[in-house]
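**Q** structure10.txt is reproduced in full below (compact mmCIF, C-alpha atoms).
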```txt
# COMPACT_ATOMS: atom_id res chain seq x y z
CA MET A 1 59.67 60.81 125.97
CA THR A 2 59.11 63.10 128.96
CA THR A 3 56.04 65.28 129.41
CA ASP A 4 58.17 68.43 129.14
CA VAL A 5 59.60 67.33 125.78
CA VAL A 6 56.14 66.45 124.45
CA LEU A 7 54.77 69.85 125.50
CA LYS A 8 57.74 71.64 123.97
CA GLU A 9 57.30 69.82 120.66
CA LYS A 10 53.59 70.67 120.70
CA GLU A 11 54.41 74.34 121.29
CA VAL A 12 56.94 74.39 118.44
CA SER A 13 54.49 72.60 116.12
CA GLU A 14 51.78 75.16 116.85
CA ASN A 15 54.21 78.02 116.11
CA LEU A 16 55.03 76.37 112.76
CA ASN A 17 51.38 76.11 111.67
CA GLY A 18 51.10 72.50 112.77
CA PHE A 19 54.28 71.23 111.07
CA SER A 20 57.14 69.62 112.97
CA ILE A 21 60.70 70.96 112.92
CA GLU A 22 61.71 68.00 110.76
CA GLU A 23 58.97 68.72 108.21
CA VAL A 24 59.84 72.42 107.96
CA GLY A 25 63.61 71.93 108.07
CA ASP A 26 64.05 71.05 104.40
CA ASP A 27 61.66 73.72 103.15
CA HIS A 28 62.14 77.44 102.66
CA LEU A 29 59.86 78.71 105.41
CA PHE A 30 59.67 82.45 104.75
CA THR A 31 58.65 84.18 107.98
CA GLY A 32 59.05 87.79 106.86
CA LEU A 33 61.23 90.43 105.25
CA GLU A 34 63.32 91.11 108.36
CA THR A 35 65.97 88.69 109.57
CA PRO A 36 64.63 87.24 112.87
CA MET A 37 66.63 88.95 115.62
CA LYS A 38 66.25 89.16 119.39
CA PRO A 39 65.57 92.63 120.88
CA ASP A 40 68.86 92.44 122.82
CA ALA A 41 70.88 91.10 119.87
CA PHE A 42 73.65 93.65 120.40
CA LYS A 43 73.84 93.60 124.19
CA LEU A 44 77.16 91.76 123.95
CA SER A 45 80.15 93.26 122.21
CA ASP A 46 81.71 91.43 119.27
CA THR A 47 84.59 90.38 121.55
CA GLN A 48 82.19 88.96 124.12
CA LYS A 49 80.24 87.13 121.41
CA LYS A 50 83.41 85.54 120.03
CA GLU A 51 84.46 84.41 123.50
CA LYS A 52 81.07 82.83 124.18
CA ILE A 53 80.81 81.18 120.75
CA ALA A 54 84.31 79.73 121.16
CA SER A 55 83.35 78.28 124.53
CA LEU A 56 80.09 76.79 123.23
CA PHE A 57 81.71 75.41 120.08
CA SER A 58 84.33 73.72 122.25
CA GLU A 59 81.46 71.93 123.98
CA ILE A 60 79.98 70.85 120.64
CA MET A 61 83.33 69.44 119.53
CA ASP A 62 83.75 67.68 122.86
CA VAL A 63 80.29 66.10 122.60
CA MET A 64 81.20 64.86 119.12
CA GLY A 65 84.23 63.13 120.64
CA LEU A 66 86.93 65.31 119.09
CA ASP A 67 90.25 65.73 120.91
CA LEU A 68 90.62 69.43 121.62
CA THR A 69 94.21 68.94 122.79
CA ASP A 70 95.25 67.99 119.25
CA ASP A 71 97.33 70.71 117.61
CA SER A 72 95.05 70.76 114.56
CA LEU A 73 91.85 71.18 116.58
CA LYS A 74 92.65 73.22 119.67
CA GLY A 75 92.38 76.55 117.86
CA THR A 76 89.20 75.62 115.96
CA PRO A 77 86.66 77.07 118.45
CA GLN A 78 88.35 80.48 118.27
CA ARG A 79 88.63 80.30 114.49
CA VAL A 80 84.94 79.44 114.14
CA ALA A 81 83.93 82.24 116.50
CA LYS A 82 85.99 84.79 114.56
CA MET A 83 84.59 83.50 111.25
CA TYR A 84 81.00 83.78 112.51
CA ILE A 85 81.25 87.32 113.88
CA GLU A 86 83.75 88.98 111.54
CA GLU A 87 83.07 87.18 108.29
CA ILE A 88 80.19 84.93 107.27
CA PHE A 89 77.59 86.45 109.63
CA SER A 90 78.93 90.01 109.73
CA GLY A 91 75.78 91.21 107.95
CA LEU A 92 73.80 90.73 111.16
CA ASN A 93 75.45 93.83 112.62
CA PRO A 94 74.00 97.13 111.30
CA ALA A 95 77.37 98.74 111.97
CA ASN A 96 78.69 96.81 108.96
CA LYS A 97 76.05 98.13 106.59
CA PRO A 98 77.79 99.72 103.57
CA LYS A 99 77.72 103.49 103.41
CA VAL A 100 76.32 104.57 100.07
CA ALA A 101 76.97 107.84 98.27
CA LEU A 102 74.72 108.95 95.42
CA PHE A 103 75.72 111.08 92.45
CA ASP A 104 73.74 113.17 90.02
CA ASN A 105 72.91 111.38 86.80
CA LYS A 106 74.86 113.91 84.73
CA TYR A 107 75.05 111.56 81.77
CA GLN A 108 71.25 111.57 81.57
CA TYR A 109 71.37 107.79 81.19
CA ASN A 110 67.74 106.78 81.58
CA GLN A 111 67.87 103.14 80.52
CA MET A 112 68.37 100.22 82.86
CA LEU A 113 71.77 99.64 84.44
CA VAL A 114 72.54 95.99 85.17
CA GLU A 115 75.24 94.58 87.42
CA LYS A 116 75.25 90.84 86.76
CA ASN A 117 77.04 87.79 88.13
CA ILE A 118 77.70 89.17 91.61
CA THR A 119 79.11 86.13 93.39
CA PHE A 120 77.98 85.73 96.99
CA TYR A 121 78.26 83.21 99.81
CA SER A 122 75.51 82.97 102.36
CA ASN A 123 74.29 80.35 104.82
CA CYS A 124 70.97 78.54 105.07
CA GLU A 125 69.32 79.47 108.36
CA HIS A 126 67.78 75.99 108.65
CA HIS A 127 71.03 74.00 108.69
CA PHE A 128 73.80 76.63 108.75
CA VAL A 129 75.41 75.27 105.59
CA PRO A 130 76.46 77.39 102.61
CA ILE A 131 74.33 78.93 99.90
CA ILE A 132 76.54 79.76 96.93
CA GLY A 133 75.18 81.82 94.09
CA LYS A 134 75.13 84.79 91.79
CA ALA A 135 72.97 87.88 92.05
CA HIS A 136 71.94 90.11 89.15
CA VAL A 137 70.68 93.57 90.09
CA ALA A 138 69.29 96.33 87.89
CA TYR A 139 67.79 99.78 88.30
CA ILE A 140 66.62 102.76 86.29
CA SER A 141 67.85 106.08 87.63
CA SER A 142 65.35 108.51 89.14
CA GLY A 143 67.95 111.28 88.90
CA LYS A 144 70.69 109.75 91.04
CA VAL A 145 73.20 106.96 90.42
CA ILE A 146 75.20 104.74 92.74
CA GLY A 147 78.81 103.55 92.50
CA LEU A 148 78.95 100.11 90.91
CA SER A 149 80.92 98.56 93.78
CA LYS A 150 78.17 99.61 96.20
CA LEU A 151 75.72 97.32 94.39
CA ASN A 152 78.05 94.44 95.16
CA ARG A 153 78.48 95.56 98.76
CA ILE A 154 74.72 95.71 99.35
CA VAL A 155 74.38 92.14 98.07
CA GLN A 156 77.24 90.95 100.28
CA TYR A 157 75.88 92.71 103.38
CA TYR A 158 72.52 90.94 103.24
CA ALA A 159 74.09 87.64 102.16
CA LYS A 160 76.36 87.55 105.22
CA ARG A 161 73.75 86.35 107.65
CA PRO A 162 71.69 83.19 108.13
CA GLN A 163 69.33 83.43 105.20
CA VAL A 164 66.41 82.18 103.18
CA GLN A 165 66.86 82.97 99.48
CA GLU A 166 63.43 84.53 99.12
CA ARG A 167 64.18 86.93 101.99
CA LEU A 168 67.64 87.72 100.64
CA THR A 169 66.14 88.66 97.27
CA ASN A 170 63.59 91.00 98.81
CA GLN A 171 66.03 92.56 101.28
CA ILE A 172 68.42 93.52 98.48
CA ALA A 173 65.54 94.92 96.41
CA GLU A 174 64.07 96.94 99.28
CA GLU A 175 67.48 98.37 100.15
CA LEU A 176 68.09 99.44 96.56
CA LYS A 177 64.64 101.02 96.36
CA ALA A 178 65.29 103.00 99.54
CA VAL A 179 68.81 104.07 98.62
CA LEU A 180 68.02 105.02 95.02
CA ASN A 181 64.57 106.47 95.76
CA THR A 182 62.97 104.52 92.95
CA GLU A 183 60.62 101.59 92.48
CA ASP A 184 62.42 100.68 89.24
CA VAL A 185 64.57 97.90 90.68
CA ALA A 186 65.08 94.26 89.72
CA VAL A 187 66.92 91.48 91.55
CA ILE A 188 67.46 87.92 90.33
CA ILE A 189 69.33 85.32 92.37
CA ASP A 190 70.45 81.92 91.14
CA ALA A 191 71.97 79.84 93.93
CA LYS A 192 72.96 76.34 94.97
CA HIS A 193 72.00 75.25 98.48
CA LEU A 194 74.35 72.80 100.15
CA CYS A 195 71.52 71.72 102.44
CA VAL A 196 70.03 70.23 99.26
CA SER A 197 73.21 69.01 97.55
CA SER A 198 75.25 67.71 100.50
CA ARG A 199 72.52 66.30 102.75
CA GLY A 200 68.84 65.39 102.65
CA ILE A 201 67.90 64.70 99.04
CA LYS A 202 71.58 65.10 97.98
CA ASP A 203 70.80 66.64 94.60
CA ASP A 204 73.98 68.26 93.34
CA THR A 205 72.62 69.48 90.00
CA SER A 206 69.66 71.68 90.93
CA SER A 207 69.73 75.38 91.74
CA THR A 208 67.14 77.81 93.03
CA VAL A 209 66.12 81.00 91.20
CA THR A 210 64.25 83.87 92.87
CA SER A 211 63.38 87.28 91.48
CA PHE A 212 61.99 90.69 92.32
CA PHE A 213 60.65 93.05 89.65
CA GLY A 214 59.56 96.51 90.73
CA GLY A 215 58.22 99.56 88.93
CA GLN A 216 59.04 99.61 85.23
CA PHE A 217 60.68 96.20 85.52
CA ASN A 218 57.35 94.62 86.40
CA THR A 219 56.25 94.45 82.76
CA PRO A 220 56.70 91.62 80.23
CA GLU A 221 58.71 93.93 77.96
CA LYS A 222 61.22 94.98 80.63
CA ILE A 223 61.52 91.47 82.03
CA ALA A 224 62.32 90.21 78.52
CA GLU A 225 64.84 93.01 77.98
CA LEU A 226 66.52 92.22 81.29
CA GLN A 227 66.65 88.49 80.51
CA ASN A 228 68.18 89.24 77.11
CA THR A 229 70.82 91.41 78.78
CA LEU A 230 71.67 88.70 81.30
CA ASN A 231 71.99 86.12 78.51
CA TYR A 232 74.16 88.41 76.35
```
Could you render the structure from this file as structure tokens?

**A**
Amino acid sequence: MTTDVVLKEKEVSENLNGFSIEEVGDDHLFTGLETPMKPDAFKLSDTQKKEKIASLFSEIMDVMGLDLTDDSLKGTPQRVAKMYIEEIFSGLNPANKPKVALFDNKYQYNQMLVEKNITFYSNCEHHFVPIIGKAHVAYISSGKVIGLSKLNRIVQYYAKRPQVQERLTNQIAEELKAVLNTEDVAVIIDAKHLCVSSRGIKDDTSSTVTSFFGGQFNTPEKIAELQNTLNY
């Protein structure tokens, strides 16, 4: 091993609190609420990003020994680039953030509203393999209400980026709190991580559950009421 490689590994280990990349890779290292982004993340246009990703993915395929002249494979780099930018990682771009309109709570409905079983597909930021799960979100109106489809869109926006489930849970909750101007928000996510089921430990039966309970939801009574509603 060269001196440069040793020094680089030492630098990475120090940045990861003394753990190696291999040791951290299978764990949910939660570095903060914000998705880690470079300051110049949007210097390139989406078209430029797709062109560069296609070029780089061609190199990856070539290194793996795949024949890029084959009819089935030659369009793959472009397809992957389009999928990354326009689909599965579209939540990285703030321009794709859903626009939310609020309405007066004319019905004077002051109990919790629950949108459950919101299916989402995300990707683990450690291995870039899918996270597949369901999100349950709830809020108590502070005088305004939100269209039901917007709850789904908020979940999808934050899911469509390289993620850690703990961060995803908190990002959805913080967005709902900001949009609805209330602390009375709850988010529960139950998801299967393919980095656990398809590689590493290869456990296909386990799932991961994370939750956020804010305001009135952060009481045993409300948590029990919410759980009963989800089990109904």

**Q** My list of candidates is A:Leu168, A:Val179, A:Ala138, A:Leu102. Which is closest to Gln156 in chain A when distances are computed with only C-alpha atoms?

**A**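 Checking each of A:Leu168, A:Val179, A:Ala138, A:Leu102 against Gln156 in chain A, counting only C-alpha atoms, the winner is A:Leu168.
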
**Q** For Val80 in chain A, list every protein, DNA or RNA residue within 9 Å, evaluated using only C-alpha atoms, and leave out those in the same chain fewer than 4 positions away; present the list as a count of residues only.

**A** 8

**Q** Which residues of range 89-123 of chain A have any atom within 12 Å of an atom in range 172-177 of chain A when counting only C-alpha atoms, and what is the closest pair of atoms for each, with the distance in Å to one decimal? Order the rows by chain and rising number and write it as CSV.

**A**
```
residue,atom,partner,partner_atom,distance
A:Lys97,CA,A:Glu175,CA,10.7
A:Pro98,CA,A:Glu175,CA,10.9
A:Lys99,CA,A:Glu175,CA,11.9
A:Val100,CA,A:Leu176,CA,10.3
A:Leu102,CA,A:Leu176,CA,11.6
```

**Q** Would you mind listing what lies within 10 Å of range 36-48 of chain A as an MDAnalysis selection string, with all atoms listed in the file counted and same-chain residues fewer than 3 positions away left out?

**A** chainID A and resid 31:33 51:54 81:82 85:86 92:94 162:163

**Q** How many Å lie between CA of Tyr232 in chain A and CA of Thr210 in chain A, rounded to one decimal?

**A**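 About the pair CA of Tyr232 in chain A and CA of Thr210 in chain A: they are 19.8 Å apart.
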
**Q** Can you check which parts of range 155-194 of chain A lie within 12 Å of range 220-224 of chain A? Per residue, the shortest pair of atoms and distance in Å to one decimal, counting all atoms listed in the file, sorted by chain and number, as a tab-separated table.

**A**
```
residue	atom	partner	partner_atom	distance
A:Asp184	CA	A:Lys222	CA	10.4
A:Val185	CA	A:Lys222	CA	11.0
A:Ala186	CA	A:Ile223	CA	8.9
A:Val187	CA	A:Ile223	CA	10.9
A:Ile188	CA	A:Ile223	CA	10.8
```

**Q** To one decimal place, how far is CA of Val196 in chain A from CA of Ser90 in chain A in Å?

**A** 24.1 Å
